[in-house]
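**Student:** The following file, my_file_33.txt, comprises compact mmCIF, C-alpha atoms:
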```
# COMPACT_ATOMS: atom_id res chain seq x y z
CA MET J 1 16.79 -21.18 25.63
CA THR J 2 19.92 -19.29 26.51
CA ALA J 3 22.45 -18.07 23.99
CA SER J 4 26.20 -17.86 24.44
CA SER J 5 26.02 -14.21 23.52
CA ALA J 6 24.38 -11.31 25.38
CA LEU J 7 24.14 -9.35 22.11
CA LEU J 8 22.22 -12.15 20.40
CA GLU J 9 20.12 -12.70 23.51
CA SER J 10 19.17 -9.04 23.59
CA ALA J 11 18.17 -8.98 19.89
CA VAL J 12 16.09 -12.14 20.38
CA ASP J 13 14.42 -10.59 23.44
CA GLN J 14 13.45 -7.55 21.41
CA LEU J 15 12.19 -9.52 18.40
CA ALA J 16 10.13 -11.66 20.77
CA THR J 17 8.23 -8.53 21.90
CA LEU J 18 6.51 -8.46 18.49
CA PRO J 19 2.96 -9.83 18.50
CA GLY J 20 2.75 -13.49 17.53
CA ILE J 21 6.54 -13.95 17.61
CA GLY J 22 7.70 -16.48 20.22
CA ARG J 23 11.31 -16.92 21.33
CA ARG J 24 11.95 -19.76 18.92
CA THR J 25 10.78 -17.71 15.94
CA ALA J 26 12.64 -14.66 17.28
CA MET J 27 15.87 -16.71 17.26
CA ARG J 28 15.21 -17.71 13.65
CA LEU J 29 14.67 -14.06 12.68
CA ALA J 30 17.81 -12.96 14.57
CA LEU J 31 19.95 -15.60 12.82
CA ASP J 32 18.52 -14.50 9.47
CA LEU J 33 19.44 -10.87 10.21
CA LEU J 34 22.87 -12.00 11.37
CA ARG J 35 23.55 -13.59 7.99
CA ARG J 36 22.87 -10.34 6.13
CA GLU J 37 25.29 -7.59 5.20
CA PRO J 38 25.60 -4.86 7.87
CA HIS J 39 24.22 -2.19 5.50
CA ASP J 40 21.16 -4.37 4.83
CA VAL J 41 20.52 -4.61 8.55
CA ALA J 42 21.08 -0.85 8.89
CA ARG J 43 18.43 -0.26 6.21
CA PHE J 44 16.09 -2.59 8.13
CA THR J 45 16.47 -0.86 11.50
CA GLU J 46 16.49 2.61 9.91
CA ALA J 47 13.15 2.05 8.17
CA ILE J 48 11.56 1.04 11.49
CA ARG J 49 13.13 3.90 13.44
CA ARG J 50 12.12 6.51 10.84
CA MET J 51 8.58 5.17 10.70
CA ARG J 52 8.24 5.58 14.46
CA ASP J 53 9.98 8.95 14.71
CA GLU J 54 8.75 10.70 11.59
CA LEU J 55 5.30 9.30 10.87
CA ARG J 56 2.54 11.78 11.70
CA ARG J 57 -1.17 11.54 12.20
CA CYS J 58 -3.35 13.17 9.54
CA GLU J 59 -4.88 16.27 11.11
CA VAL J 60 -8.25 15.51 9.48
CA CYS J 61 -8.84 11.75 9.63
CA CYS J 62 -6.22 10.59 12.20
CA ASN J 63 -4.80 8.08 9.71
CA VAL J 64 -1.02 7.69 9.54
CA SER J 65 0.55 10.17 7.15
CA ASP J 66 3.92 11.50 6.03
CA GLU J 67 2.45 15.01 5.69
CA PRO J 68 0.23 17.00 8.07
CA ARG J 69 -2.71 15.95 5.89
CA CYS J 70 -2.85 12.45 4.39
CA ALA J 71 -3.02 11.63 0.68
CA ILE J 72 -6.71 10.64 0.86
CA CYS J 73 -7.83 13.78 2.71
CA SER J 74 -5.76 15.94 0.30
CA ASP J 75 -7.31 14.36 -2.80
CA PRO J 76 -9.88 16.79 -4.28
CA ARG J 77 -11.55 13.95 -6.22
CA ARG J 78 -12.73 12.28 -3.01
CA ASP J 79 -16.24 12.98 -1.71
CA ALA J 80 -15.69 15.10 1.40
CA GLY J 81 -19.35 14.75 2.43
CA LEU J 82 -18.91 11.06 3.15
CA ILE J 83 -16.89 9.84 6.16
CA CYS J 84 -16.20 6.16 6.76
CA VAL J 85 -15.33 5.40 10.40
CA VAL J 86 -12.91 2.49 10.84
CA GLU J 87 -10.91 0.93 13.66
CA ASP J 88 -7.40 1.21 12.20
CA ILE J 89 -5.35 1.73 9.07
CA ARG J 90 -5.65 -1.91 8.00
CA ASP J 91 -9.37 -1.33 7.51
CA VAL J 92 -8.59 1.72 5.34
CA LEU J 93 -6.31 -0.45 3.20
CA ALA J 94 -8.95 -3.20 2.96
CA ILE J 95 -11.69 -0.76 1.89
CA GLU J 96 -9.38 1.05 -0.56
CA ALA J 97 -8.60 -2.32 -2.13
CA THR J 98 -12.30 -2.74 -3.03
CA ARG J 99 -12.22 0.45 -5.18
CA GLN J 100 -15.91 0.88 -4.22
CA TYR J 101 -15.53 3.79 -1.84
CA HIS J 102 -14.65 7.33 -2.78
CA GLY J 103 -15.31 9.28 0.40
CA LEU J 104 -12.96 10.12 3.26
CA TYR J 105 -12.11 8.10 6.37
CA HIS J 106 -11.93 8.56 10.09
CA VAL J 107 -9.53 6.27 11.91
CA LEU J 108 -10.63 5.69 15.51
CA GLY J 109 -7.43 3.94 16.56
CA GLY J 110 -9.34 1.12 18.27
CA VAL J 111 -12.81 0.24 19.53
CA ILE J 112 -14.48 0.73 22.89
CA SER J 113 -13.57 -2.21 25.11
CA PRO J 114 -14.47 -2.05 28.81
CA MET J 115 -12.61 -5.34 29.28
CA GLU J 116 -9.36 -3.80 28.12
CA GLY J 117 -10.10 -0.46 29.74
CA ILE J 118 -10.52 1.38 26.43
CA GLY J 119 -13.17 4.08 26.59
CA PRO J 120 -14.34 6.66 24.02
CA ASP J 121 -11.75 9.16 25.29
CA ASP J 122 -8.92 6.78 24.37
CA LEU J 123 -10.08 6.82 20.75
CA ASN J 124 -10.23 9.60 18.14
CA THR J 125 -13.91 10.24 18.84
CA ALA J 126 -13.58 13.93 19.73
CA GLU J 127 -11.93 14.51 16.34
CA LEU J 128 -14.88 12.81 14.62
CA LEU J 129 -17.38 14.97 16.49
CA ASP J 130 -15.34 18.06 15.62
CA ARG J 131 -15.24 17.36 11.92
CA THR J 132 -18.97 16.64 11.74
CA ALA J 133 -19.86 19.84 13.60
CA ASN J 134 -19.70 22.28 10.68
CA GLY J 135 -22.30 20.50 8.54
CA ALA J 136 -19.91 19.62 5.69
CA ALA J 137 -20.48 15.89 6.14
CA ARG J 138 -23.84 14.49 5.02
CA GLU J 139 -23.18 10.81 5.85
CA VAL J 140 -21.06 8.87 8.35
CA VAL J 141 -20.62 5.18 7.49
CA LEU J 142 -19.76 3.06 10.53
CA ALA J 143 -17.49 0.30 9.16
CA LEU J 144 -16.59 -1.44 12.40
CA GLY J 145 -15.98 -5.13 13.05
CA GLY J 146 -18.95 -7.35 13.86
CA THR J 147 -17.77 -7.95 17.41
CA LEU J 148 -19.28 -6.92 20.73
CA GLU J 149 -16.73 -4.10 20.93
CA GLY J 150 -17.48 -2.99 17.37
CA ASP J 151 -21.22 -2.97 18.08
CA THR J 152 -20.70 -1.04 21.34
CA THR J 153 -18.60 1.55 19.53
CA ALA J 154 -21.18 1.90 16.74
CA PHE J 155 -23.97 2.33 19.32
CA TYR J 156 -21.97 5.01 21.14
CA LEU J 157 -21.05 6.93 17.97
CA ASN J 158 -24.60 6.81 16.61
CA LYS J 159 -25.84 8.35 19.86
CA ARG J 160 -23.16 11.06 19.91
CA LEU J 161 -23.81 11.93 16.25
CA ALA J 162 -27.57 12.24 16.81
CA ASP J 163 -27.51 16.04 17.18
CA ARG J 164 -25.39 16.44 14.05
CA ASN J 165 -27.34 16.92 10.85
CA VAL J 166 -25.81 13.80 9.37
CA LEU J 167 -27.07 10.42 8.19
CA VAL J 168 -25.41 7.59 10.16
CA THR J 169 -25.24 4.30 8.24
CA THR J 170 -23.53 1.00 8.88
CA ILE J 171 -22.01 -1.51 6.47
CA ALA J 172 -24.15 -4.51 5.53
CA ARG J 173 -23.75 -7.79 7.42
CA GLY J 174 -24.64 -10.94 5.56
CA ILE J 175 -23.49 -14.02 3.74
CA SER J 176 -20.14 -13.59 1.93
CA VAL J 177 -20.37 -13.35 -1.85
CA GLY J 178 -19.66 -16.84 -3.22
CA ALA J 179 -20.33 -18.59 0.10
CA ASN J 180 -22.82 -21.38 0.75
CA LEU J 181 -25.52 -20.86 3.35
CA ASP J 182 -24.60 -23.95 5.37
CA GLN J 183 -21.11 -22.55 5.98
CA ALA J 184 -22.37 -19.33 7.53
CA ASP J 185 -22.91 -18.99 11.28
CA GLU J 186 -26.49 -18.74 12.55
CA VAL J 187 -26.30 -15.11 13.65
CA THR J 188 -25.01 -13.91 10.29
CA LEU J 189 -27.55 -16.00 8.40
CA GLY J 190 -30.36 -14.72 10.65
CA ARG J 191 -29.19 -11.14 10.10
CA SER J 192 -29.03 -11.62 6.34
CA ILE J 193 -32.66 -12.81 6.32
CA ALA J 194 -33.84 -9.96 8.53
CA ASP J 195 -31.99 -7.46 6.33
CA ARG J 196 -33.30 -8.90 3.04
CA LYS J 197 -34.01 -6.45 0.25
CA PRO J 198 -35.86 -6.40 -3.09
CA TYR J 199 -34.14 -8.61 -5.65
CA GLU J 200 -34.24 -5.85 -8.27
CA GLN J 201 -32.32 -3.64 -5.87
CA SER J 202 -29.72 -6.32 -5.11
CA ILE J 203 -28.65 -6.93 -8.72
CA LYS J 204 -27.94 -3.34 -9.68
CA ARG J 205 -24.77 -1.91 -8.29
CA MET Z 1 -1.83 -3.55 -0.11
CA THR Z 2 -0.69 0.03 -0.37
CA ALA Z 3 -0.39 2.38 2.57
CA SER Z 4 -1.05 6.11 2.57
CA SER Z 5 2.46 6.61 3.92
CA ALA Z 6 5.83 5.94 2.30
CA LEU Z 7 7.43 5.68 5.75
CA LEU Z 8 5.01 2.97 6.84
CA GLU Z 9 5.32 1.25 3.46
CA SER Z 10 9.09 1.17 3.78
CA ALA Z 11 8.97 -0.31 7.30
CA VAL Z 12 6.47 -2.94 6.15
CA ASP Z 13 8.72 -3.78 3.16
CA GLN Z 14 11.67 -4.32 5.49
CA LEU Z 15 9.73 -6.39 8.04
CA ALA Z 16 8.42 -8.54 5.17
CA THR Z 17 12.02 -9.51 4.29
CA LEU Z 18 12.13 -11.61 7.46
CA PRO Z 19 11.66 -15.35 6.87
CA GLY Z 20 8.07 -16.50 7.31
CA ILE Z 21 6.71 -12.95 7.56
CA GLY Z 22 4.29 -12.02 4.78
CA ARG Z 23 3.11 -8.49 4.01
CA ARG Z 24 -0.05 -8.84 6.05
CA THR Z 25 1.89 -9.93 9.14
CA ALA Z 26 4.52 -7.27 8.47
CA MET Z 27 1.77 -4.61 8.55
CA ARG Z 28 0.57 -5.97 11.89
CA LEU Z 29 4.12 -5.82 13.30
CA ALA Z 30 4.63 -2.28 11.94
CA LEU Z 31 1.39 -1.06 13.53
CA ASP Z 32 2.41 -2.65 16.82
CA LEU Z 33 5.79 -0.86 16.71
CA LEU Z 34 4.00 2.36 15.80
CA ARG Z 35 1.93 2.18 18.97
CA ARG Z 36 5.03 1.99 21.19
CA GLU Z 37 6.99 4.81 22.77
CA PRO Z 38 9.85 6.11 20.56
CA HIS Z 39 12.49 5.02 23.10
CA ASP Z 40 11.05 1.48 23.11
CA VAL Z 41 11.39 1.34 19.34
CA ALA Z 42 14.92 2.78 19.60
CA ARG Z 43 15.81 -0.03 22.02
CA PHE Z 44 14.34 -2.52 19.56
CA THR Z 45 16.30 -1.30 16.53
CA GLU Z 46 19.46 -0.73 18.58
CA ALA Z 47 19.53 -4.32 19.84
CA ILE Z 48 19.31 -5.61 16.26
CA ARG Z 49 21.91 -3.19 14.92
CA ARG Z 50 24.37 -3.94 17.74
CA MET Z 51 23.93 -7.67 17.30
CA ARG Z 52 24.82 -7.39 13.61
CA ASP Z 53 27.67 -4.92 14.05
CA GLU Z 54 29.32 -6.16 17.25
CA LEU Z 55 28.73 -9.89 17.37
CA ARG Z 56 31.88 -11.88 16.65
CA ARG Z 57 32.62 -15.45 15.73
CA CYS Z 58 34.38 -17.58 18.37
CA GLU Z 59 37.92 -18.17 17.12
CA VAL Z 60 37.78 -21.81 18.26
CA CYS Z 61 34.31 -23.17 17.49
CA CYS Z 62 32.89 -20.55 15.07
CA ASN Z 63 29.83 -20.07 17.30
CA VAL Z 64 28.52 -16.53 17.79
CA SER Z 65 30.25 -14.82 20.67
CA ASP Z 66 30.62 -11.42 22.35
CA GLU Z 67 34.30 -12.11 23.07
CA PRO Z 68 37.04 -13.49 20.79
CA ARG Z 69 36.49 -16.86 22.45
CA CYS Z 70 32.95 -17.98 23.38
CA ALA Z 71 31.74 -18.83 26.90
CA ILE Z 72 31.68 -22.58 26.18
CA CYS Z 73 35.20 -22.73 24.71
CA SER Z 74 36.50 -20.60 27.63
CA ASP Z 75 34.96 -22.86 30.27
CA PRO Z 76 37.76 -25.02 31.82
CA ARG Z 77 35.16 -27.52 33.12
CA ARG Z 78 34.20 -28.57 29.57
CA ASP Z 79 35.84 -31.65 28.03
CA ALA Z 80 38.14 -30.22 25.34
CA GLY Z 81 38.78 -33.69 23.92
CA LEU Z 82 35.20 -33.97 22.68
CA ILE Z 83 33.92 -31.86 19.76
CA CYS Z 84 30.28 -31.90 18.69
CA VAL Z 85 29.77 -30.70 15.09
CA VAL Z 86 26.46 -28.93 14.48
CA GLU Z 87 24.84 -26.94 11.70
CA ASP Z 88 24.11 -23.70 13.55
CA ILE Z 89 23.77 -22.05 16.94
CA ARG Z 90 20.21 -23.29 17.41
CA ASP Z 91 21.58 -26.83 17.57
CA VAL Z 92 24.06 -25.72 20.25
CA LEU Z 93 21.18 -24.28 22.28
CA ALA Z 94 19.12 -27.46 21.82
CA ILE Z 95 21.98 -29.72 22.94
CA GLU Z 96 22.89 -27.44 25.86
CA ALA Z 97 19.25 -27.62 27.00
CA THR Z 98 19.58 -31.42 27.41
CA ARG Z 99 22.38 -30.94 30.00
CA GLN Z 100 23.76 -34.27 28.72
CA TYR Z 101 26.78 -32.95 26.87
CA HIS Z 102 29.89 -31.46 28.42
CA GLY Z 103 32.32 -31.25 25.51
CA LEU Z 104 32.92 -28.40 23.07
CA TYR Z 105 31.15 -27.59 19.80
CA HIS Z 106 32.01 -26.79 16.23
CA VAL Z 107 29.45 -24.71 14.36
CA LEU Z 108 29.58 -25.39 10.60
CA GLY Z 109 27.28 -22.53 9.68
CA GLY Z 110 25.21 -24.73 7.37
CA VAL Z 111 25.31 -28.09 5.61
CA ILE Z 112 26.58 -29.12 2.19
CA SER Z 113 23.80 -28.56 -0.32
CA PRO Z 114 24.60 -28.87 -4.04
CA MET Z 115 21.04 -27.73 -4.79
CA GLU Z 116 21.64 -24.41 -3.04
CA GLY Z 117 25.24 -24.19 -4.24
CA ILE Z 118 26.70 -24.65 -0.75
CA GLY Z 119 29.95 -26.62 -0.80
CA PRO Z 120 32.43 -27.56 1.99
CA ASP Z 121 34.38 -24.33 1.41
CA ASP Z 122 31.32 -22.24 2.24
CA LEU Z 123 31.19 -23.86 5.69
CA ASN Z 124 33.58 -23.78 8.65
CA THR Z 125 35.14 -27.10 7.65
CA ALA Z 126 38.76 -25.86 7.38
CA GLU Z 127 38.51 -24.62 10.99
CA LEU Z 128 37.34 -28.08 12.09
CA LEU Z 129 40.24 -29.78 10.30
CA ASP Z 130 42.65 -27.25 11.86
CA ARG Z 131 41.49 -27.83 15.40
CA THR Z 132 41.63 -31.61 15.08
CA ALA Z 133 45.17 -31.50 13.63
CA ASN Z 134 47.12 -31.22 16.87
CA GLY Z 135 45.78 -34.42 18.45
CA ALA Z 136 44.00 -32.70 21.35
CA ALA Z 137 40.60 -34.02 20.29
CA ARG Z 138 39.89 -37.71 20.82
CA GLU Z 139 36.28 -37.76 19.50
CA VAL Z 140 34.22 -35.78 16.99
CA VAL Z 141 30.45 -36.27 17.34
CA LEU Z 142 28.57 -35.46 14.12
CA ALA Z 143 25.22 -34.06 15.30
CA LEU Z 144 23.71 -33.10 11.95
CA GLY Z 145 20.10 -33.21 10.82
CA GLY Z 146 18.76 -36.45 9.37
CA THR Z 147 18.31 -34.92 5.93
CA LEU Z 148 20.05 -35.70 2.64
CA GLU Z 149 22.21 -32.60 3.14
CA GLY Z 150 23.03 -33.58 6.73
CA ASP Z 151 24.00 -37.10 5.62
CA THR Z 152 26.13 -35.72 2.77
CA THR Z 153 27.93 -33.39 5.16
CA ALA Z 154 28.53 -36.19 7.68
CA PHE Z 155 29.87 -38.42 4.90
CA TYR Z 156 32.24 -35.68 3.74
CA LEU Z 157 33.50 -34.83 7.23
CA ASN Z 158 34.04 -38.47 8.17
CA LYS Z 159 36.19 -38.88 5.06
CA ARG Z 160 38.22 -35.72 5.72
CA LEU Z 161 38.75 -36.66 9.37
CA ALA Z 162 40.01 -40.14 8.46
CA ASP Z 163 43.69 -39.20 8.68
CA ARG Z 164 43.21 -37.51 12.06
CA ASN Z 165 43.75 -39.74 15.08
CA VAL Z 166 40.18 -39.15 16.21
CA LEU Z 167 37.07 -41.27 16.72
CA VAL Z 168 34.20 -40.00 14.55
CA THR Z 169 30.74 -40.82 15.96
CA THR Z 170 27.23 -39.77 15.03
CA ILE Z 171 24.16 -39.19 17.17
CA ALA Z 172 21.61 -42.03 17.41
CA ARG Z 173 18.58 -42.06 15.10
CA GLY Z 174 15.49 -43.84 16.34
CA ILE Z 175 12.01 -43.63 17.79
CA SER Z 176 11.44 -40.58 20.01
CA VAL Z 177 11.23 -41.27 23.72
CA GLY Z 178 7.54 -41.51 24.61
CA ALA Z 179 6.41 -42.03 20.99
CA ASN Z 180 4.36 -44.91 19.64
CA LEU Z 181 5.79 -47.03 16.85
CA ASP Z 182 2.87 -46.49 14.50
CA GLN Z 183 3.51 -42.74 14.51
CA ALA Z 184 7.12 -43.06 13.35
CA ASP Z 185 8.03 -42.97 9.67
CA GLU Z 186 9.25 -46.18 8.04
CA VAL Z 187 12.84 -45.08 7.55
CA THR Z 188 13.29 -44.09 11.20
CA LEU Z 189 11.60 -47.25 12.43
CA GLY Z 190 13.75 -49.37 10.10
CA ARG Z 191 16.86 -47.59 11.35
CA SER Z 192 15.88 -48.08 14.98
CA ILE Z 193 15.54 -51.84 14.39
CA ALA Z 194 18.85 -52.06 12.53
CA ASP Z 195 20.57 -50.07 15.32
CA ARG Z 196 19.02 -52.12 18.16
CA LYS Z 197 21.19 -52.69 21.22
CA PRO Z 198 21.21 -54.97 24.31
CA TYR Z 199 18.36 -54.14 26.67
CA GLU Z 200 20.70 -54.01 29.67
CA GLN Z 201 22.70 -51.32 27.92
CA SER Z 202 19.64 -49.25 27.01
CA ILE Z 203 18.33 -48.84 30.56
CA LYS Z 204 21.50 -47.54 32.18
CA ARG Z 205 22.36 -43.97 31.40
```
Mind turning the file's structure into C-alpha cells?

**Tutor:**
Amino acid sequence: MTASSALLESAVDQLATLPGIGRRTAMRLALDLLRREPHDVARFTEAIRRMRDELRRCEVCCNVSDEPRCAICSDPRRDAGLICVVEDIRDVLAIEATRQYHGLYHVLGGVISPMEGIGPDDLNTAELLDRTANGAAREVVLALGGTLEGDTTAFYLNKRLADRNVLVTTIARGISVGANLDQADEVTLGRSIADRKPYEQSIKR
Amino acid sequence: MTASSALLESAVDQLATLPGIGRRTAMRLALDLLRREPHDVARFTEAIRRMRDELRRCEVCCNVSDEPRCAICSDPRRDAGLICVVEDIRDVLAIEATRQYHGLYHVLGGVISPMEGIGPDDLNTAELLDRTANGAAREVVLALGGTLEGDTTAFYLNKRLADRNVLVTTIARGISVGANLDQADEVTLGRSIADRKPYEQSIKR
C-alpha cells in the first residue's frame, strides 16, 4: 500500500507502530484524523505529547502520576500497611474497580521474563525492597498474572522479602464467580480443589 | 476505568476518539506510547499534526496530495482521457495495487447517503462535472461500492454526466476470482449470471 502523499504515508507509518494496529487500520485512523478540524487534531496530538513529557512516576509506588506522589499514595484513608504488587497500571485500575481493596500498590512495570531478557533489575523491585525495609508494611499481596512469568516473579519476590518482617500473600486462583466447572481449564480446577476452604469461611465476606 | 493521572486520562480519551478504538484499547496504546522515548513520541505526534495541517487536496482529482497537483495527475504517462470515480483514497490505493488501471482518478470524498445527511453538494461532484466539461475525458468509470449508497451515487452521477460527451461505465460485479459459487451471496450470483459474457472474451485479458 503506497499513498500519493509522503505526509499521509508518514502519519500512517507512525500510527502503524501502535500495538495491534496494522497498516490497513492505520490508514483508516489517518483518514479519520484528516477529516477532523485542525484544532481537534491539535488537541489529540497535544494530549499524547503532554502525557509523555509531563507524566511522572509516583515516588512511592512507581505508578504513573501527575504529582511527585500519586493520588492513592497521598490518600490518608488508605491502609499504608498493605502493599499490593502488580505488573502495570491496568492492574491497579482493575483492582480499584472492585472497590474491595483499600491498601496501597506497588507497580513493578512488568514481570520477570528470561525469554524477553527482562530480569529483576529491569523492574521496580529495588523500590519495593526499599519501602518494605522500615517495617511500616505488615503485608505484601502479590497480585501477578497466572502465567509462568507471573509465577517466576512471585517466587523471586517472596524469596527477596523473606528477611523483611512482612507477611507475603498471593491472590486466590480458582473458578470464576458465576462460571461452570466444565468451562474451567484443568489446572485452575485442580488448584481450586487443592485450595478449598471451609464453607462457613467462604460465604462471609 | 479511571486513571490516577489526569494527563493519562486525557491521552486515553483522545485515543478513544479514533474509530474502532475502545477505552480499553486506548489505555493499551497510551501505555505503549508512555514506554517510548520522548523523541519517538514527538515524531509520532508531529507526523499526525503535519499531515492534518499541511496535506492539500489535488486541484484536479481531489485526492490528498503534498503538492497542488497530485503525483498521479502530474504523471504524463497516465491516460488523461479516462477518469475513475472512487469514494476515497483507500479505493485509489486498492486500484493502484492491481496495476491494471492507467487512467486518472476522481475522489468524491464519500457517497450520497440520505440517512447520514450526505447529499451531492457535500461531495466533490461539481469538480467532476467541471473536469468533464471541456471534452478531454472520453470515459468515466464509476468504481463505487456495491451498497445502496454506492448505487445511488452512481445513478446520480450517470444522470448528471448525460449531457457530457463521455462514456459512463461501471466496474463489473460478480463472483470473486478463486471463489466457489456456494459461498457467494444470492444477489451477486444472480448479477454474475445476468452479466455473463462470451467465454472467448473472458479468457483474454

**Student:** Counting all atoms listed in the file, which residue out of Z:Thr153, Z:Thr98, Z:Ser74, Z:Gln201 sits closest to Cys61 of chain Z?

**Tutor:**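 Going through Z:Thr153, Z:Thr98, Z:Ser74, Z:Gln201 one by one, the smallest distance to Cys61 of chain Z is for Z:Ser74.
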
**Student:** Which value, in Å to one decimal, gives the distance between atom CA of Cys73 of chain Z and atom CA of Ala30 of chain J?

**Tutor:**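 Atom CA of Cys73 of chain Z sits 22.4 Å away from atom CA of Ala30 of chain J.
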
**Student:** Mind pulling up the distance from atom CA of Tyr156 of chain Z to atom CA of Thr170 of chain Z?

**Tutor:**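 Atom-to-atom, atom CA of Thr170 of chain Z and atom CA of Tyr156 of chain Z are spaced 13.0 Å apart.
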
**Student:** Taking all atoms listed in the file into account, report as a VMD selection string which residues of chain Z lie within 7 Å of chain J.

**Tutor:** chain Z and resid 1 to 8 10 to 11 14 18 to 19 29 34 38 41 to 42 44 to 45 47 to 53 55 64 to 66 70 to 71 93

**Student:** Report as an MDAnalysis selection string all protein, DNA and RNA residues lying within 9 Å of Thr132 of chain Z, evaluated on only C-alpha atoms, omitting residues in the same chain fewer than 3 positions from it.

**Tutor:** chainID Z and resid 127:129 135:138 140 161 164:166

**Student:** May I have the selected residues written with C-alpha atoms, as a PDB file, keeping the file's coordinate frame?

**Tutor:**
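Contents of again22.pdb, freshly written:
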```pdb
ATOM      1  CA  GLU Z 127      38.510 -24.620  10.990  1.00  0.00           C
ATOM      2  CA  LEU Z 128      37.340 -28.080  12.090  1.00  0.00           C
ATOM      3  CA  LEU Z 129      40.240 -29.780  10.300  1.00  0.00           C
ATOM      4  CA  GLY Z 135      45.780 -34.420  18.450  1.00  0.00           C
ATOM      5  CA  ALA Z 136      44.000 -32.700  21.350  1.00  0.00           C
ATOM      6  CA  ALA Z 137      40.600 -34.020  20.290  1.00  0.00           C
ATOM      7  CA  ARG Z 138      39.890 -37.710  20.820  1.00  0.00           C
ATOM      8  CA  VAL Z 140      34.220 -35.780  16.990  1.00  0.00           C
ATOM      9  CA  LEU Z 161      38.750 -36.660   9.370  1.00  0.00           C
ATOM     10  CA  ARG Z 164      43.210 -37.510  12.060  1.00  0.00           C
ATOM     11  CA  ASN Z 165      43.750 -39.740  15.080  1.00  0.00           C
ATOM     12  CA  VAL Z 166      40.180 -39.150  16.210  1.00  0.00           C
TER      13      VAL Z 166
END
```

**Student:** To one decimal place, how far is atom CA of Glu149 of chain Z from atom CA of Ile193 of chain Z in Å?

**Tutor:**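 Atom-to-atom, atom CA of Glu149 of chain Z to atom CA of Ile193 of chain Z, that is 23.3 Å.
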
**Student:** Between J:Cys84, J:Leu148, J:Ile95, J:Val187, single out the one closest to Ile112 of chain J, counting all atoms listed in the file.

**Tutor:** J:Leu148

**Student:** Would you mind listing what lies within 6 Å of Leu108 of chain J as a PDB file with C-alpha atoms, in the coordinates of the input, with only C-alpha atoms counted and same-chain residues fewer than 5 positions away left out?

**Tutor:**
```
ATOM      1  CA  GLU J  87     -10.910   0.930  13.660  1.00  0.00           C
ATOM      2  CA  LEU J 123     -10.080   6.820  20.750  1.00  0.00           C
ATOM      3  CA  ASN J 124     -10.230   9.600  18.140  1.00  0.00           C
TER       4      ASN J 124
END
```

**Student:** Skip Glu139 of chain Z itself and residues of its chain fewer than 4 positions away, then list as a list in words all residues within 7 Å of it, counting only C-alpha atoms.

**Tutor:**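 Skipping anything fewer than 4 positions along the chain leaves Gly81, Leu82, Ile83, Val166, Leu167 and Val168 of chain Z.
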
**Student:** May I ask which of the residues Z:Pro114, Z:Gly150, Z:Gly119, Z:Gly174 is the closest one to Asp195 of chain Z, counting all atoms listed in the file?

**Tutor:**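 Of Z:Pro114, Z:Gly150, Z:Gly119, Z:Gly174, the one nearest Asp195 of chain Z is Z:Gly174, counting all atoms listed in the file.
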
**Student:** Residues near Ala154 of chain J, anyone? I mean within 9 Å using only C-alpha atoms, not counting same-chain ones fewer than 5 positions away, as a PyMOL selection string.

**Tutor:** chain J and resi 111+142-144+149+159+170

**Student:** How big is the axis-aligned box around all listed atoms of segment 160-178 of chain Z once 6 Å goes on each side, and where's its centre, in Å to one decimal, as AutoDock Vina command-line options?

**Tutor:**
```
--center_x 25.6 --center_y -39.8 --center_z 15.2 --size_x 48.2 --size_y 20.1 --size_z 30.9
```

**Student:** Could you pull segment 126-137 of chain J out of the block above and save it with N, CA and C atoms, as a short mmCIF file (atom, residue, chain, number, x, y, z; two decimals), in the first residue's frame?

**Tutor:**
```cif
data_model
loop_
_atom_site.label_atom_id
_atom_site.label_comp_id
_atom_site.auth_asym_id
_atom_site.auth_seq_id
_atom_site.Cartn_x
_atom_site.Cartn_y
_atom_site.Cartn_z
N ALA J 126 13.76 -2.99 43.38
CA ALA J 126 14.57 -2.33 44.41
C ALA J 126 13.70 -1.37 45.22
N GLU J 127 12.79 -0.68 44.52
CA GLU J 127 11.90 0.26 45.20
C GLU J 127 10.98 -0.47 46.19
N LEU J 128 10.56 -1.70 45.80
CA LEU J 128 9.69 -2.47 46.69
C LEU J 128 10.45 -2.90 47.93
N LEU J 129 11.71 -3.34 47.71
CA LEU J 129 12.53 -3.77 48.85
C LEU J 129 12.81 -2.58 49.76
N ASP J 130 13.05 -1.41 49.17
CA ASP J 130 13.28 -0.19 49.96
C ASP J 130 12.09 0.13 50.86
N ARG J 131 10.89 0.11 50.25
CA ARG J 131 9.75 0.57 51.03
C ARG J 131 9.26 -0.44 52.04
N THR J 132 9.78 -1.68 51.96
CA THR J 132 9.41 -2.67 52.98
C THR J 132 10.50 -2.83 54.03
N ALA J 133 11.54 -1.98 53.92
CA ALA J 133 12.69 -2.13 54.82
C ALA J 133 12.45 -1.53 56.20
N ASN J 134 11.61 -0.50 56.28
CA ASN J 134 11.46 0.21 57.55
C ASN J 134 10.40 -0.39 58.48
N GLY J 135 9.78 -1.50 58.07
CA GLY J 135 8.83 -2.17 58.95
C GLY J 135 7.43 -1.59 58.96
N ALA J 136 7.16 -0.58 58.12
CA ALA J 136 5.83 0.03 58.10
C ALA J 136 4.79 -0.88 57.44
N ALA J 137 5.25 -1.74 56.53
CA ALA J 137 4.31 -2.63 55.84
C ALA J 137 4.18 -3.94 56.61
#
```
